[in-house]
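Visitor: The following file, target29.pdb, comprises PDB, C-alpha atoms:
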```
ATOM      1  CA  THR A  20       0.000   0.000   0.000
ATOM      2  CA  GLY A  21       2.975   2.298   0.273
ATOM      3  CA  VAL A  22       2.219   2.827   3.972
ATOM      4  CA  ARG A  23       4.767   1.206   6.234
ATOM      5  CA  THR A  24       2.936   1.664   9.475
ATOM      6  CA  ARG A  25      -0.028   3.454  11.027
ATOM      7  CA  ILE A  26       0.688   4.862  14.465
ATOM      8  CA  LEU A  27      -1.622   6.621  16.888
ATOM      9  CA  LEU A  28      -0.090   8.877  19.515
ATOM     10  CA  THR A  29      -2.424  10.063  22.242
ATOM     11  CA  ASN A  30      -1.804  12.027  25.393
ATOM     12  CA  SER A  31      -4.428   9.935  27.168
ATOM     13  CA  PRO A  32      -3.144   7.408  29.682
ATOM     14  CA  GLU A  33      -3.479   3.782  28.600
ATOM     15  CA  ASN A  34      -6.244   2.836  31.049
ATOM     16  CA  THR A  35      -8.700   5.419  29.677
ATOM     17  CA  GLY A  36      -7.233   5.822  26.184
ATOM     18  CA  ARG A  37      -7.459   2.127  25.297
ATOM     19  CA  GLU A  38     -11.083   2.003  26.429
ATOM     20  CA  PHE A  39     -11.975   5.059  24.315
ATOM     21  CA  ILE A  40     -10.171   3.811  21.194
ATOM     22  CA  ALA A  41     -11.796   0.390  21.636
ATOM     23  CA  ALA A  42     -15.226   2.036  21.921
ATOM     24  CA  LEU A  43     -14.530   3.720  18.570
ATOM     25  CA  ASP A  44     -13.567   0.274  17.186
ATOM     26  CA  CYS A  45     -10.197   1.664  16.096
ATOM     27  CA  LEU A  46      -7.698  -0.566  17.892
ATOM     28  CA  LYS A  47      -7.086  -2.743  14.836
ATOM     29  CA  LEU A  48      -6.579   0.242  12.522
ATOM     30  CA  PHE A  49      -3.118   0.955  13.926
ATOM     31  CA  ASN A  50       0.087  -1.048  13.984
ATOM     32  CA  GLU A  51       1.121   0.789  17.131
ATOM     33  CA  ILE A  52      -0.622   2.946  19.723
ATOM     34  CA  VAL A  53       1.434   5.150  22.036
ATOM     35  CA  TYR A  54      -0.459   6.203  25.165
ATOM     36  CA  GLY A  55       0.684   9.098  27.333
ATOM     37  CA  ALA A  56       2.687  10.399  24.368
ATOM     38  CA  GLY A  57       3.418  13.774  25.954
ATOM     39  CA  LYS A  58       2.605  15.735  22.816
ATOM     40  CA  PRO A  59       3.775  18.125  21.515
ATOM     41  CA  ASN A  60       7.364  17.443  22.663
ATOM     42  CA  GLY A  61       6.758  13.702  22.782
ATOM     43  CA  LEU A  62       5.651  13.707  19.147
ATOM     44  CA  GLU A  63       8.857  15.362  18.023
ATOM     45  CA  ARG A  64      10.966  12.864  20.010
ATOM     46  CA  TYR A  65       8.928   9.942  18.718
ATOM     47  CA  MET A  66       9.269  11.145  15.125
ATOM     48  CA  GLN A  67      13.041  11.346  15.453
ATOM     49  CA  GLU A  68      13.126   7.797  16.854
ATOM     50  CA  LEU A  69      10.796   6.568  14.098
ATOM     51  CA  MET A  70      12.914   8.117  11.352
ATOM     52  CA  ASP A  71      16.048   6.499  12.787
ATOM     53  CA  ARG A  72      14.403   3.114  13.368
ATOM     54  CA  GLU A  73      12.670   2.913   9.971
ATOM     55  CA  ASN A  74      15.287   4.824   7.965
ATOM     56  CA  LEU A  75      12.715   7.442   6.953
ATOM     57  CA  GLN A  76      13.025  11.015   5.819
ATOM     58  CA  ALA A  77      10.717  13.525   7.514
ATOM     59  CA  ASP A  78       8.751  14.160   4.299
ATOM     60  CA  GLN A  79       7.766  10.471   4.272
ATOM     61  CA  ILE A  80       5.722  10.980   7.444
ATOM     62  CA  LEU A  81       2.145  12.218   7.371
ATOM     63  CA  SER A  82       0.620  13.514  10.588
ATOM     64  CA  ILE A  83      -3.155  13.847  10.723
ATOM     65  CA  GLY A  84      -4.627  15.757  13.624
ATOM     66  CA  ASP A  85      -7.205  18.160  14.958
ATOM     67  CA  HIS A  86      -4.892  19.954  17.359
ATOM     68  CA  ALA A  87      -2.305  22.032  15.543
ATOM     69  CA  TRP A  88      -0.012  22.519  18.519
ATOM     70  CA  ASN A  89       0.051  18.857  19.590
ATOM     71  CA  ASP A  90      -0.381  17.006  16.296
ATOM     72  CA  LEU A  91       1.006  19.133  13.485
ATOM     73  CA  TYR A  92       3.572  21.763  14.472
ATOM     74  CA  PRO A  93       6.176  19.220  15.692
ATOM     75  CA  VAL A  94       5.908  17.240  12.453
ATOM     76  CA  GLN A  95       5.920  20.322  10.245
ATOM     77  CA  LYS A  96       8.953  21.671  12.118
ATOM     78  CA  LEU A  97      10.908  18.520  11.176
ATOM     79  CA  GLY A  98       9.758  18.660   7.541
ATOM     80  CA  GLY A  99       6.924  16.135   7.690
ATOM     81  CA  ARG A 100       3.567  16.354   5.917
ATOM     82  CA  THR A 101       0.449  17.516   7.736
ATOM     83  CA  VAL A 102      -3.316  17.231   7.488
ATOM     84  CA  PHE A 103      -5.371  19.504   9.726
ATOM     85  CA  LEU A 104      -8.763  17.874  10.323
ATOM     86  CA  SER A 105     -11.420  19.984  12.003
ATOM     87  CA  PRO A 106     -14.924  21.157  11.170
ATOM     88  CA  TYR A 107     -14.285  24.414  13.025
ATOM     89  CA  PRO A 108     -12.781  27.638  11.680
ATOM     90  CA  SER A 109      -9.173  28.097  12.700
ATOM     91  CA  SER A 110      -6.997  31.139  13.192
ATOM     92  CA  GLU A 111      -3.817  29.054  12.989
ATOM     93  CA  PRO A 112      -1.223  30.995  11.006
ATOM     94  CA  ALA A 113       0.550  27.868   9.743
ATOM     95  CA  GLN A 114      -0.154  26.458   6.330
ATOM     96  CA  TRP A 115      -0.853  22.742   6.394
ATOM     97  CA  ASP A 116      -0.336  20.466   3.420
ATOM     98  CA  VAL A 117      -4.045  19.642   3.516
ATOM     99  CA  ARG A 118      -6.986  21.165   5.435
ATOM    100  CA  LEU A 119     -10.091  18.969   5.791
ATOM    101  CA  ASP A 120     -13.386  19.371   7.613
ATOM    102  CA  THR A 121     -14.695  15.803   7.952
ATOM    103  CA  LEU A 122     -13.615  12.199   8.405
ATOM    104  CA  ASP A 123     -15.339  11.415   5.096
ATOM    105  CA  GLU A 124     -13.034  13.924   3.379
ATOM    106  CA  LEU A 125     -10.056  12.286   5.081
ATOM    107  CA  ALA A 126     -11.158   8.829   3.930
ATOM    108  CA  ALA A 127     -11.580  10.091   0.353
ATOM    109  CA  MET A 128      -8.144  11.735   0.444
ATOM    110  CA  LEU A 129      -6.492   8.545   1.697
ATOM    111  CA  VAL A 130      -8.215   6.483  -1.014
ATOM    112  CA  GLU A 131      -7.087   8.981  -3.655
ATOM    113  CA  LEU A 132      -3.554   8.949  -2.271
ATOM    114  CA  GLN A 133      -3.529   5.154  -2.524
ATOM    115  CA  HIS A 134      -4.793   5.375  -6.107
ATOM    116  CA  VAL A 135      -2.044   7.845  -7.051
ATOM    117  CA  ARG A 136       0.599   5.601  -5.452
ATOM    118  CA  GLN A 137      -0.657   2.568  -7.384
ATOM    119  CA  GLN A 138      -0.546   4.519 -10.642
ATOM    120  CA  ALA A 139       2.980   5.689  -9.862
ATOM    121  CA  LYS A 140       4.122   2.104  -9.279
ATOM    122  CA  GLN A 141       2.824   1.204 -12.746
ATOM    123  CA  SER A 142       4.708   4.045 -14.402
ATOM    124  CA  THR A 143       8.390   4.889 -14.302
ATOM    125  CA  GLU A 144       7.824   8.502 -13.213
ATOM    126  CA  PRO A 145       8.217   9.305  -9.506
ATOM    127  CA  ILE A 146       5.275  10.984  -7.807
ATOM    128  CA  SER A 147       5.645  14.323  -6.150
ATOM    129  CA  GLY A 148       4.107  15.456  -2.908
ATOM    130  CA  PHE A 149       2.807  12.602  -0.790
TER     131      PHE A 149
END
```
Is it possible to express this structure as structure tokens?

Guide:
Amino acid sequence: TGVRTRILLTNSPENTGREFIAALDCLKLFNEIVYGAGKPNGLERYMQELMDRENLQADQILSIGDHAWNDLYPVQKLGGRTVFLSPYPSSEPAQWDVRLDTLDELAAMLVELQHVRQQAKQSTEPISGF
């Protein structure tokens, strides 16, 4: 699929976070879940560790979040890609790679991204962006 791993970082402690994620039926969507992540600083540290462990460049990482300070700024600062997902107006001065309002828009974007990646594999031209 072109996606190496799907990781969820949450500031919630494991005892309450696991219960909430299970109630959303999302536990199996992620290869790894990090509870008590200590975002925003914890996200930056985790990203550095992930890049070292998986031999990734920052622009190969996509962070999707609804909280700019916790979910997006640390990734953007390191050169990663960002999707700001919120139905509410925002006064954030930063420019995200993608701005979406709904989970349906996110799902459509991820399907389209997968489609573009599959087309790129069939051609000899590298894809730009994501």

Visitor: Given all atoms listed in the file as the basis, pick out the residue of A:Val102, A:Arg23, A:Leu81, A:Glu73 nearest to Asn50 in chain A.

Guide: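 The shortest atom-to-atom distance to Asn50 in chain A comes from A:Arg23.
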
Visitor: What does the distance from CA of Glu131 in chain A to CA of Tyr65 in chain A come to in Å, to one decimal?

Guide: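 CA of Tyr65 in chain A lies 27.5 Å from CA of Glu131 in chain A.
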
Visitor: At a cut-off of 7 Å, using only C-alpha atoms, what residues contact Asp85 in chain A? Leave out same-chain residues fewer than 6 positions from it and give the result as a PyMOL selection string.

Guide: chain A and resi 103-105

Visitor: Looking at A:Ser110, A:Ile83, A:Glu33, A:Leu27, which one is nearest to Met128 in chain A, with distances taken over all atoms listed in the file?

Guide: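 Selected residue with least distance to Met128 in chain A: A:Ile83.
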
Visitor: Do a neighbour search on Arg118 in chain A at 12 Å with only C-alpha atoms, toss out local chain neighbours closer than 2 positions, and write the hits as a list in words.

Guide: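 After dropping sequence-adjacent residues, the list is Ser82, Ile83, Gly84, Asp85, Ala87, Leu91, Arg100, Thr101, Val102, Phe103, Leu104, Ser105, Pro106, Tyr107, Pro108, Ser109, Glu111, Ala113, Gln114, Trp115, Asp116, Asp120, Thr121, Leu122, Glu124, Leu125 and Met128 of chain A.
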
Visitor: Let me know the residues the PyMOL selection byres ((chain A and resi 94) around 9) catches in the file above, as a PyMOL selection string.

Guide: chain A and resi 62-63+66+77+80-82+90-93+95-101

Visitor: Could you spell out the hits of the PyMOL selection byres ((chain A and resi 55) around 12) on the shown file, as a PDB file with C-alpha atoms, keeping the file's coordinate frame?

Guide:
```pdb
ATOM      1  CA  LEU A  27      -1.622   6.621  16.888  1.00  0.00           C
ATOM      2  CA  LEU A  28      -0.090   8.877  19.515  1.00  0.00           C
ATOM      3  CA  THR A  29      -2.424  10.063  22.242  1.00  0.00           C
ATOM      4  CA  ASN A  30      -1.804  12.027  25.393  1.00  0.00           C
ATOM      5  CA  SER A  31      -4.428   9.935  27.168  1.00  0.00           C
ATOM      6  CA  PRO A  32      -3.144   7.408  29.682  1.00  0.00           C
ATOM      7  CA  GLU A  33      -3.479   3.782  28.600  1.00  0.00           C
ATOM      8  CA  ASN A  34      -6.244   2.836  31.049  1.00  0.00           C
ATOM      9  CA  THR A  35      -8.700   5.419  29.677  1.00  0.00           C
ATOM     10  CA  GLY A  36      -7.233   5.822  26.184  1.00  0.00           C
ATOM     11  CA  ARG A  37      -7.459   2.127  25.297  1.00  0.00           C
ATOM     12  CA  ILE A  52      -0.622   2.946  19.723  1.00  0.00           C
ATOM     13  CA  VAL A  53       1.434   5.150  22.036  1.00  0.00           C
ATOM     14  CA  TYR A  54      -0.459   6.203  25.165  1.00  0.00           C
ATOM     15  CA  ALA A  56       2.687  10.399  24.368  1.00  0.00           C
ATOM     16  CA  GLY A  57       3.418  13.774  25.954  1.00  0.00           C
ATOM     17  CA  LYS A  58       2.605  15.735  22.816  1.00  0.00           C
ATOM     18  CA  PRO A  59       3.775  18.125  21.515  1.00  0.00           C
ATOM     19  CA  ASN A  60       7.364  17.443  22.663  1.00  0.00           C
ATOM     20  CA  GLY A  61       6.758  13.702  22.782  1.00  0.00           C
ATOM     21  CA  LEU A  62       5.651  13.707  19.147  1.00  0.00           C
ATOM     22  CA  TYR A  65       8.928   9.942  18.718  1.00  0.00           C
TER      23      TYR A  65
END
```

Visitor: Grab the CA of Gln141 in chain A to CA of Val117 in chain A distance for me, in Å with one decimal place.

Guide: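 Separating CA of Gln141 in chain A from CA of Val117 in chain A is a distance of 25.5 Å.
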
Visitor: For range 120-134 of chain A, what centre and edge lengths in Å (one decimal) does the axis-aligned box get once 5 Å is added on each side of all its listed atoms, as AutoDock Vina command-line options?

Guide:
```
--center_x -9.4 --center_y 12.3 --center_z 1.1 --size_x 21.8 --size_y 24.2 --size_z 24.5
```

Visitor: Would you work out the distance separating CA of Glu51 in chain A from CA of Val135 in chain A, expressed in Å to one decimal?

Guide: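 That distance, rounded to one decimal, is 25.4 Å.
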
Visitor: Of the candidates A:Leu75, A:Ala139, A:Leu48, A:Leu132, which one gets nearest to Arg25 in chain A if we count all atoms listed in the file?

Guide: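 Checking each of A:Leu75, A:Ala139, A:Leu48, A:Leu132 against Arg25 in chain A, counting all atoms listed in the file, the winner is A:Leu48.
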
Visitor: Considering all atoms listed in the file, can you say which of A:Ala41, A:Lys47, A:Gln138, A:Val22 comes closest to Gln79 in chain A?

Guide: A:Val22
